[in-house]
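Source file data_7.cif; content: mmCIF, C-alpha atoms.
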data_input
loop_
_atom_site.label_atom_id
_atom_site.label_comp_id
_atom_site.auth_asym_id
_atom_site.auth_seq_id
_atom_site.Cartn_x
_atom_site.Cartn_y
_atom_site.Cartn_z
CA MET G 1 71.33 -39.85 109.11
CA LYS G 2 68.79 -41.76 107.11
CA SER G 3 68.43 -41.28 103.36
CA GLU G 4 64.94 -39.78 103.78
CA THR G 5 66.28 -37.04 106.04
CA ARG G 6 69.19 -36.41 103.70
CA PHE G 7 66.82 -36.07 100.73
CA LEU G 8 64.46 -33.71 102.55
CA LEU G 9 67.31 -31.56 103.84
CA ILE G 10 68.75 -31.30 100.32
CA MET G 11 65.33 -30.20 99.03
CA LEU G 12 65.03 -27.63 101.78
CA GLY G 13 68.55 -26.38 101.12
CA LEU G 14 67.81 -26.06 97.40
CA VAL G 15 64.65 -24.04 98.01
CA ILE G 16 66.47 -21.73 100.44
CA MET G 17 69.44 -21.27 98.08
CA LEU G 18 67.19 -20.67 95.07
CA GLY G 19 65.04 -18.19 97.01
CA THR G 20 68.00 -16.29 98.44
CA GLY G 21 69.70 -16.27 95.03
CA LEU G 22 66.63 -14.92 93.24
CA ALA G 23 66.09 -12.28 95.93
CA ALA G 24 69.73 -11.17 95.63
CA LEU G 25 69.46 -11.09 91.82
CA ASN G 26 66.26 -9.07 92.02
CA TYR G 27 67.82 -6.69 94.54
CA TYR G 28 71.02 -6.01 92.61
CA THR G 29 69.48 -5.77 89.13
CA ARG G 30 66.72 -3.33 90.03
CA PRO G 31 66.52 -0.48 87.54
CA PRO G 32 67.87 2.72 89.06
CA LYS G 33 65.10 4.82 90.50
CA PRO G 34 64.47 8.11 88.68
CA PRO G 35 65.38 11.10 90.82
CA ALA G 36 62.53 11.80 93.19
CA VAL G 37 62.68 15.55 92.59
CA LYS G 38 63.33 16.89 89.10
CA GLN G 39 63.35 20.48 87.89
CA THR G 40 61.27 20.71 84.74
CA GLU G 41 60.60 23.20 82.00
CA VAL G 42 56.88 22.60 82.39
CA GLN G 43 54.77 25.66 83.16
CA LEU G 44 51.76 25.74 85.45
CA SER G 45 49.63 26.71 82.44
CA ASP G 46 50.67 23.45 80.72
CA LEU G 47 49.17 21.49 83.60
CA LEU G 48 45.94 23.39 83.89
CA ALA G 49 42.77 22.72 81.93
CA PRO G 50 39.36 24.23 82.36
CA GLY G 51 37.08 22.49 84.80
CA ARG G 52 39.63 20.26 86.50
CA PRO G 53 38.88 19.59 90.17
CA GLU G 54 40.76 21.86 92.50
CA LYS G 55 40.64 23.11 96.06
CA GLY G 56 42.54 25.27 98.51
CA ASN G 57 43.46 28.89 97.96
CA PRO G 58 43.22 29.69 94.21
CA ASN G 59 45.76 32.49 94.66
CA ALA G 60 48.28 30.51 96.72
CA ASN G 61 51.96 30.70 95.77
CA VAL G 62 52.37 26.98 96.21
CA VAL G 63 50.45 24.84 93.73
CA ILE G 64 50.36 21.05 93.72
CA VAL G 65 49.13 19.24 90.60
CA GLU G 66 48.55 15.63 91.50
CA PHE G 67 48.45 12.85 88.89
CA THR G 68 46.69 9.97 90.54
CA ASP G 69 45.30 6.50 89.85
CA LEU G 70 42.35 5.72 92.11
CA GLN G 71 43.15 2.00 92.16
CA CYS G 72 46.79 2.50 93.12
CA PRO G 73 47.64 1.86 96.78
CA SER G 74 50.53 4.36 96.78
CA CYS G 75 48.14 7.01 95.46
CA ARG G 76 45.83 6.35 98.41
CA ARG G 77 48.71 7.01 100.78
CA GLY G 78 49.68 9.99 98.62
CA SER G 79 46.18 11.40 98.89
CA GLU G 80 46.37 11.15 102.69
CA THR G 81 49.69 13.03 102.61
CA VAL G 82 48.28 15.78 100.39
CA GLU G 83 45.22 16.16 102.61
CA GLN G 84 47.53 16.38 105.62
CA LEU G 85 49.52 19.14 103.89
CA MET G 86 46.32 21.01 102.97
CA LEU G 87 45.32 21.00 106.64
CA GLN G 88 48.78 21.82 107.94
CA TYR G 89 49.22 24.77 105.57
CA GLU G 90 45.62 25.85 105.25
CA GLY G 91 45.14 28.70 102.79
CA LYS G 92 48.69 28.43 101.47
CA ILE G 93 48.28 25.67 98.89
CA ARG G 94 46.23 25.29 95.73
CA LEU G 95 45.63 21.65 94.84
CA ILE G 96 44.62 20.40 91.41
CA CYS G 97 43.87 16.77 90.75
CA ARG G 98 44.33 15.04 87.40
CA HIS G 99 43.78 11.42 86.50
CA TYR G 100 46.48 9.03 85.48
CA PRO G 101 44.84 5.57 85.43
CA LEU G 102 47.54 2.99 84.85
CA ASP G 103 46.91 0.09 82.46
CA ILE G 104 47.94 -2.43 85.12
CA HIS G 105 44.91 -1.47 87.21
CA ASP G 106 41.83 -2.86 85.50
CA ARG G 107 39.31 -0.61 87.31
CA ALA G 108 41.36 2.59 87.48
CA ARG G 109 39.54 4.17 84.52
CA LEU G 110 36.16 3.21 85.92
CA TYR G 111 37.04 4.84 89.24
CA ALA G 112 38.37 7.94 87.45
CA GLN G 113 35.09 8.17 85.51
CA ALA G 114 33.11 7.79 88.75
CA ALA G 115 35.10 10.60 90.37
CA GLU G 116 34.57 12.71 87.24
CA ALA G 117 30.84 12.03 87.26
CA ALA G 118 30.74 13.07 90.93
CA HIS G 119 32.76 16.18 90.00
CA ARG G 120 29.94 17.19 87.69
CA GLN G 121 27.71 17.31 90.77
CA GLY G 122 30.31 19.05 92.92
CA LYS G 123 31.45 16.04 94.93
CA PHE G 124 34.78 15.07 93.35
CA TRP G 125 36.91 15.12 96.51
CA GLU G 126 34.30 13.27 98.52
CA MET G 127 34.01 10.54 95.88
CA LYS G 128 37.79 10.29 95.59
CA ALA G 129 38.07 9.84 99.36
CA LEU G 130 35.36 7.15 99.36
CA ILE G 131 37.00 5.20 96.52
CA PHE G 132 40.36 5.39 98.26
CA SER G 133 38.78 4.25 101.53
CA GLU G 134 37.95 0.86 100.00
CA GLN G 135 39.79 0.84 96.66
CA ASP G 136 38.48 -2.53 95.56
CA VAL G 137 34.94 -1.53 94.70
CA SER G 138 32.33 -2.67 92.21
CA GLN G 139 30.11 -0.55 89.99
CA LYS G 140 27.29 -1.16 92.49
CA ARG G 141 29.44 0.09 95.35
CA LEU G 142 30.31 3.22 93.35
CA GLU G 143 26.60 3.88 93.00
CA GLU G 144 26.15 3.37 96.74
CA PHE G 145 28.89 5.96 97.27
CA ALA G 146 27.05 8.32 94.92
CA GLN G 147 23.84 7.81 96.87
CA SER G 148 25.57 8.37 100.20
CA LEU G 149 26.89 11.68 98.83
CA GLY G 150 23.38 12.70 97.84
CA LEU G 151 24.11 12.69 94.11
CA ASN G 152 21.44 12.32 91.48
CA LEU G 153 21.97 8.64 90.70
CA GLU G 154 20.50 8.70 87.21
CA GLN G 155 22.71 11.61 86.25
CA PHE G 156 25.74 9.97 87.89
CA ARG G 157 25.22 6.77 85.88
CA LYS G 158 24.72 8.73 82.69
CA ASP G 159 27.77 10.92 83.26
CA MET G 160 30.03 8.04 84.22
CA ASN G 161 29.78 6.53 80.79
CA SER G 162 29.41 9.70 78.80
CA PRO G 163 31.94 10.50 76.07
CA GLU G 164 32.68 13.85 77.78
CA VAL G 165 33.74 12.16 81.03
CA ARG G 166 35.80 9.55 79.19
CA GLN G 167 37.44 12.35 77.24
CA ALA G 168 38.21 14.32 80.41
CA VAL G 169 40.05 11.29 81.84
CA GLU G 170 41.83 10.75 78.52
CA ASP G 171 42.89 14.41 78.38
CA ASP G 172 44.37 14.17 81.89
CA LEU G 173 46.24 11.03 80.90
CA ASN G 174 47.60 12.65 77.75
CA THR G 175 48.70 15.75 79.66
CA GLY G 176 50.53 13.54 82.15
CA ARG G 177 52.22 11.58 79.36
CA ARG G 178 53.22 14.73 77.51
CA PHE G 179 54.97 16.13 80.57
CA GLY G 180 56.82 13.01 81.62
CA VAL G 181 54.50 11.27 84.08
CA SER G 182 55.08 7.52 83.98
CA SER G 183 54.18 6.32 87.46
CA THR G 184 51.69 7.24 90.14
CA PRO G 185 51.45 9.22 92.21
CA THR G 186 53.40 11.98 90.46
CA TYR G 187 53.18 15.55 91.64
CA PHE G 188 54.12 18.84 90.09
CA LEU G 189 55.03 21.34 92.76
CA ILE G 190 54.84 24.90 91.48
CA LEU G 191 56.55 27.63 93.48
CA GLY G 192 56.32 30.90 91.66
CA GLY G 193 57.91 30.24 88.28
CA LYS G 194 59.78 27.10 89.39
CA VAL G 195 58.21 23.72 88.69
CA GLU G 196 59.43 20.48 90.25
CA MET G 197 58.25 17.04 89.25
CA ILE G 198 58.07 14.83 92.33
CA ILE G 199 57.66 11.08 92.33
CA GLY G 200 56.14 9.57 95.46
CA HIS G 201 54.28 11.14 98.32
CA THR G 202 56.98 10.97 100.99
CA THR G 203 59.24 13.16 98.84
CA LEU G 204 56.34 15.56 98.28
CA LEU G 205 55.81 15.81 102.03
CA THR G 206 59.45 16.68 102.79
CA GLU G 207 59.69 19.02 99.81
CA VAL G 208 56.54 21.00 100.70
CA GLN G 209 57.57 21.15 104.35
CA ARG G 210 61.02 22.37 103.32
CA VAL G 211 59.50 25.09 101.14
CA MET G 212 56.96 26.16 103.77
CA GLU G 213 59.41 26.22 106.65
CA GLY G 214 61.88 28.16 104.49
CA GLU G 215 59.34 30.87 103.77
CA MET P 1 54.09 -46.20 105.05
CA VAL P 2 51.16 -43.89 105.84
CA ALA P 3 53.28 -42.07 108.41
CA ILE P 4 56.12 -41.42 105.99
CA ARG P 5 53.70 -40.17 103.33
CA LEU P 6 52.10 -37.82 105.82
CA ASN P 7 55.55 -36.56 106.79
CA ARG P 8 56.45 -35.93 103.14
CA ALA P 9 53.17 -34.14 102.50
CA MET P 10 53.76 -31.90 105.53
CA PHE P 11 57.31 -31.23 104.34
CA ALA P 12 56.10 -30.25 100.84
CA LEU P 13 53.44 -27.94 102.28
CA ALA P 14 55.95 -26.36 104.65
CA LEU P 15 58.25 -25.70 101.66
CA ALA P 16 55.38 -24.02 99.76
CA GLY P 17 54.59 -21.96 102.87
CA LEU P 18 58.26 -21.06 103.21
CA VAL P 19 58.33 -19.71 99.64
CA ILE P 20 55.17 -17.60 100.17
CA ALA P 21 56.21 -16.22 103.56
CA GLY P 22 59.75 -15.59 102.33
CA LEU P 23 58.47 -13.65 99.31
CA LEU P 24 56.13 -11.57 101.48
CA TRP P 25 58.96 -10.81 103.89
CA TYR P 26 61.20 -9.73 101.00
CA TRP P 27 58.51 -7.49 99.46
CA HIS P 28 57.71 -6.04 102.87
CA ALA P 29 61.38 -5.27 103.51
CA GLN P 30 61.76 -3.69 100.06
CA ASN P 31 58.57 -1.66 100.60
CA VAL P 32 57.34 -2.41 97.08
CA ASP P 33 53.76 -2.83 95.89
CA ILE P 34 52.96 -6.50 96.37
CA PRO P 35 51.79 -8.29 93.19
CA CYS P 36 48.10 -8.79 93.83
CA THR P 37 44.87 -9.07 91.84
CA ASN P 38 43.27 -6.40 94.02
CA ALA P 39 44.48 -3.67 96.34
CA GLY P 40 44.20 -5.99 99.35
CA CYS P 41 47.83 -7.12 99.69
CA ASP P 42 49.14 -3.62 99.96
CA GLN P 43 46.39 -2.59 102.38
CA VAL P 44 47.29 -5.54 104.58
CA ALA P 45 51.03 -4.91 104.30
CA GLN P 46 50.61 -1.24 105.21
CA HIS P 47 48.42 -1.93 108.22
CA PRO P 48 50.11 -1.60 111.65
CA SER P 49 49.12 -5.18 112.49
CA SER P 50 51.38 -6.48 109.70
CA ARG P 51 54.15 -6.08 112.29
CA LEU P 52 54.44 -7.78 115.64
CA PHE P 53 56.98 -6.31 118.10
CA GLY P 54 58.35 -4.30 115.19
CA ILE P 55 59.04 -7.38 113.08
CA PRO P 56 57.00 -8.15 109.92
CA VAL P 57 54.51 -10.97 110.47
CA ALA P 58 55.90 -12.56 107.28
CA ALA P 59 59.24 -13.02 109.07
CA TYR P 60 57.53 -15.09 111.78
CA GLY P 61 55.81 -17.04 109.02
CA THR P 62 59.11 -17.74 107.30
CA LEU P 63 60.63 -19.03 110.55
CA PHE P 64 57.52 -21.07 111.27
CA TYR P 65 57.57 -22.85 107.90
CA LEU P 66 61.35 -23.27 108.01
CA SER P 67 61.24 -24.90 111.43
CA PHE P 68 58.28 -27.06 110.38
CA ALA P 69 60.16 -28.26 107.29
CA LEU P 70 63.27 -28.96 109.41
CA MET P 71 61.25 -31.00 111.90
CA CYS P 72 59.76 -33.06 109.08
CA ALA P 73 63.21 -33.51 107.56
CA ILE P 74 64.95 -34.77 110.69
CA ARG P 75 62.01 -36.80 111.94
CA PRO P 76 62.83 -40.00 110.00
CA SER P 77 66.31 -40.04 111.58
CA VAL P 78 65.12 -39.69 115.16
CA PRO P 79 65.39 -42.95 117.16
CA THR P 80 62.08 -44.80 117.45
CA SER P 81 62.01 -44.13 121.19
CA HIS P 82 61.84 -40.40 120.51
CA GLN P 83 59.37 -40.52 117.63
CA ARG P 84 56.43 -39.80 119.92
CA LEU P 85 58.08 -36.64 121.24
CA ILE P 86 58.63 -35.30 117.70
CA GLY P 87 55.00 -36.20 116.93
CA HIS P 88 53.89 -34.05 119.89
CA LEU P 89 56.13 -31.20 118.76
CA VAL P 90 54.80 -31.32 115.19
CA LEU P 91 51.22 -31.31 116.50
CA LEU P 92 52.02 -28.40 118.81
CA TRP P 93 53.64 -26.45 115.96
CA GLY P 94 50.80 -27.30 113.55
CA THR P 95 48.22 -26.10 116.08
CA THR P 96 50.16 -22.90 116.83
CA GLY P 97 50.46 -22.10 113.11
CA PHE P 98 46.78 -22.79 112.55
CA LEU P 99 45.63 -20.61 115.46
CA PHE P 100 47.95 -17.77 114.49
CA SER P 101 46.73 -17.98 110.87
CA ALA P 102 43.14 -17.94 112.05
CA TYR P 103 43.89 -14.80 114.08
CA LEU P 104 45.54 -13.14 111.06
CA THR P 105 42.59 -14.04 108.84
CA TYR P 106 40.26 -12.53 111.44
CA LEU P 107 42.35 -9.32 111.36
CA GLU P 108 42.15 -9.23 107.56
CA LEU P 109 38.40 -9.74 107.44
CA PHE P 110 37.21 -7.65 110.36
CA VAL P 111 39.93 -5.15 111.24
CA ILE P 112 41.83 -4.30 108.04
CA ARG P 113 38.83 -5.26 105.89
CA ALA P 114 40.99 -6.33 102.97
CA ILE P 115 41.98 -9.68 101.60
CA CYS P 116 45.46 -10.59 100.44
CA GLN P 117 45.61 -13.76 98.34
CA TRP P 118 49.13 -14.55 99.55
CA CYS P 119 47.92 -14.49 103.15
CA VAL P 120 44.94 -16.66 102.21
CA ALA P 121 47.29 -19.16 100.52
CA SER P 122 49.43 -19.24 103.66
CA ALA P 123 46.36 -19.71 105.86
CA VAL P 124 45.21 -22.63 103.68
CA ILE P 125 48.66 -24.23 103.97
CA ALA P 126 48.74 -23.70 107.74
CA THR P 127 45.30 -25.30 108.01
CA ALA P 128 46.39 -28.27 105.89
CA LEU P 129 49.53 -28.62 108.03
CA PHE P 130 47.39 -28.65 111.14
CA VAL P 131 45.09 -31.38 109.77
CA LEU P 132 48.05 -33.47 108.63
CA SER P 133 49.85 -33.00 111.96
CA VAL P 134 46.76 -34.34 113.75
CA LEU P 135 46.61 -37.32 111.36
CA ALA P 136 50.34 -37.95 111.81
CA TRP P 137 49.99 -37.73 115.59
CA ARG P 138 47.27 -40.39 115.48
CA GLN P 139 49.54 -42.81 113.60
CA PRO P 140 50.41 -45.67 115.93
CA GLN P 141 53.51 -46.94 114.15
CA PRO P 142 56.87 -45.11 114.30
CA LEU P 143 57.89 -43.16 111.25
CA ALA P 144 60.47 -45.11 109.26
CA LEU P 145 60.92 -46.34 105.75
CA PRO P 146 60.03 -50.02 105.30
CA SER P 147 63.61 -50.83 104.32
CA GLU P 148 64.99 -49.09 107.37
CA ALA P 149 62.42 -50.18 109.97
#

Represent the structure contained in this file as C-alpha cells.
Amino acid sequence: MKSETRFLLIMLGLVIMLGTGLAALNYYTRPPKPPAVKQTEVQLSDLLAPGRPEKGNPNANVVIVEFTDLQCPSCRRGSETVEQLMLQYEGKIRLICRHYPLDIHDRARLYAQAAEAAHRQGKFWEMKALIFSEQDVSQKRLEEFAQSLGLNLEQFRKDMNSPEVRQAVEDDLNTGRRFGVSSTPTYFLILGGKVEMIIGHTTLLTEVQRVMEGE
Amino acid sequence: MVAIRLNRAMFALALAGLVIAGLLWYWHAQNVDIPCTNAGCDQVAQHPSSRLFGIPVAAYGTLFYLSFALMCAIRPSVPTSHQRLIGHLVLLWGTTGFLFSAYLTYLELFVIRAICQWCVASAVIATALFVLSVLAWRQPQPLALPSEA
C-alpha cells in the first residue's frame, strides 16, 4: 500500500471514529426526557383568559389547552393532530389555543401577533393554518394571507403591532411559564376536575383516544 | 501531480459530505428537530420522500460519500494498468451522486417546497465531486506520486 493511500485511509478512519464517538456521547448523555404525561394541580380556570381563541363544543367534558409556537415544526404536526382529534370526536372537545413563542425562533412572536390580529377579525384558526402551511413566511406573505382571508388589511397591520396584541401574546407566554410550560407543543388535557400536562402531540393523540374510547 | 491533487480534493469533499450525511442520518434516526436557520430541514425530514424503500435518504448519502472517499483513498495504490478502470468508476459514481442530488433538490423545490441548508450543502459537494471526477477522468497520466511513479 502506498503512503498516500495509508494517509487517506487514516484520515477517513479518524473522521469515522470521531463521528461515531460524538454520536455515542450525544446519545448517552442526553438529558432524561420529562414524563410525557404529568398530573398537575393546575385548574382549567388558571388556563383560561377572556378572548382567547377557542373552538369546538364550549360545554364539552374534554378540554384541550394548546400552547403553541407558530414557527415550531413539531407544533405544526401537533396542530394537525389536534385538528384530526377535533374531527374524529366532533362535538366532544373544546379547544383553546394559547401562544408560547420560543426565543430560539426569531419570527415566532411575529407569527403569534399575526394570528392574534387575524383573531380580532374572526379568522384566528384560518391564519394559524396558513402560517403552519408554509412556516417560513415574511411580513409580506402574512399580509397576503390576511388578504386571502378577506381581512381588512389596514386594520390587520395596525393590530399586528398594537400594544394590545403584543400584550395578549405576552400574557399567554406568562401563563404558560407560570404553569410549567417549557417546550412546545405542550397541551393541558382537562377531563372533569383532572388536569394532565402533556408534552408532544403523539402522546396527546394516544391520551385523548384512550380517554374517548374509555368513555 | 494534477491527478493526485484532484484525487485529494475529491477525498476531502467526500469526507465533508460524509460528515453532513452522517449527521443528517443520526438526527433522522433520533427523530429530533434538525438545527436549521428556517423550518425547512424539518419539513424535508418529515416528508415521505426523505425515505427510499423505508431507508432514510441520508443513509444512502452516507454510504455514497463513504464509498467515494474509499475509492479516492485506494486509488493511488491501484496498479497503473487498472488506473483507468478506477477513473471510470469514480466518474460513474460522481455522475450518479450528482444526478441523485439534482433529483433531491428538485423534490425540495417543487414537491416539498422547503429548503434545507444541509441538503443544499450536500448537493453543492456532490456537484463539485462530479466536476472533479470529470476533470480527473480527463487526466491522461496515471495517478501516482512523483516519488513513486

Who sits within 10 Å of P:Ala123, only C-alpha atoms, same chain under 2 positions skipped, as a VMD selection string:
chain P and resid 17 97 to 105 117 to 121 125 to 129

For chain G, report every residue with an atom at most 8 Å from chain P (counting only C-alpha atoms), formatted as an MDAnalysis selection string.
chainID G and resid 1:2 4:6 8:9 12 15 19 23 71:74 135:136

Separation of atom CA of G:Lys128 from atom CA of G:Gly91 in Å:
21.1 Å

What lies within 10 Å of G:Trp125 using all atoms listed in the file, ignoring chain neighbours under 2 positions off, as a list in words?
Pro53, Glu54, Lys55, Cys97, Ala115, Glu116, Ala118, His119, Gly122, Lys123, Met127, Lys128, Ala129, Leu130 and Ile131 of chain G

Need the axis-aligned box for stretch 52-58 of chain P with 5 Å each side, so what are the centre and edges in Å to one decimal, as JSON?
{"center_x": 56.7, "center_y": -8.4, "center_z": 112.7, "size_x": 14.6, "size_y": 18.3, "size_z": 20.8}
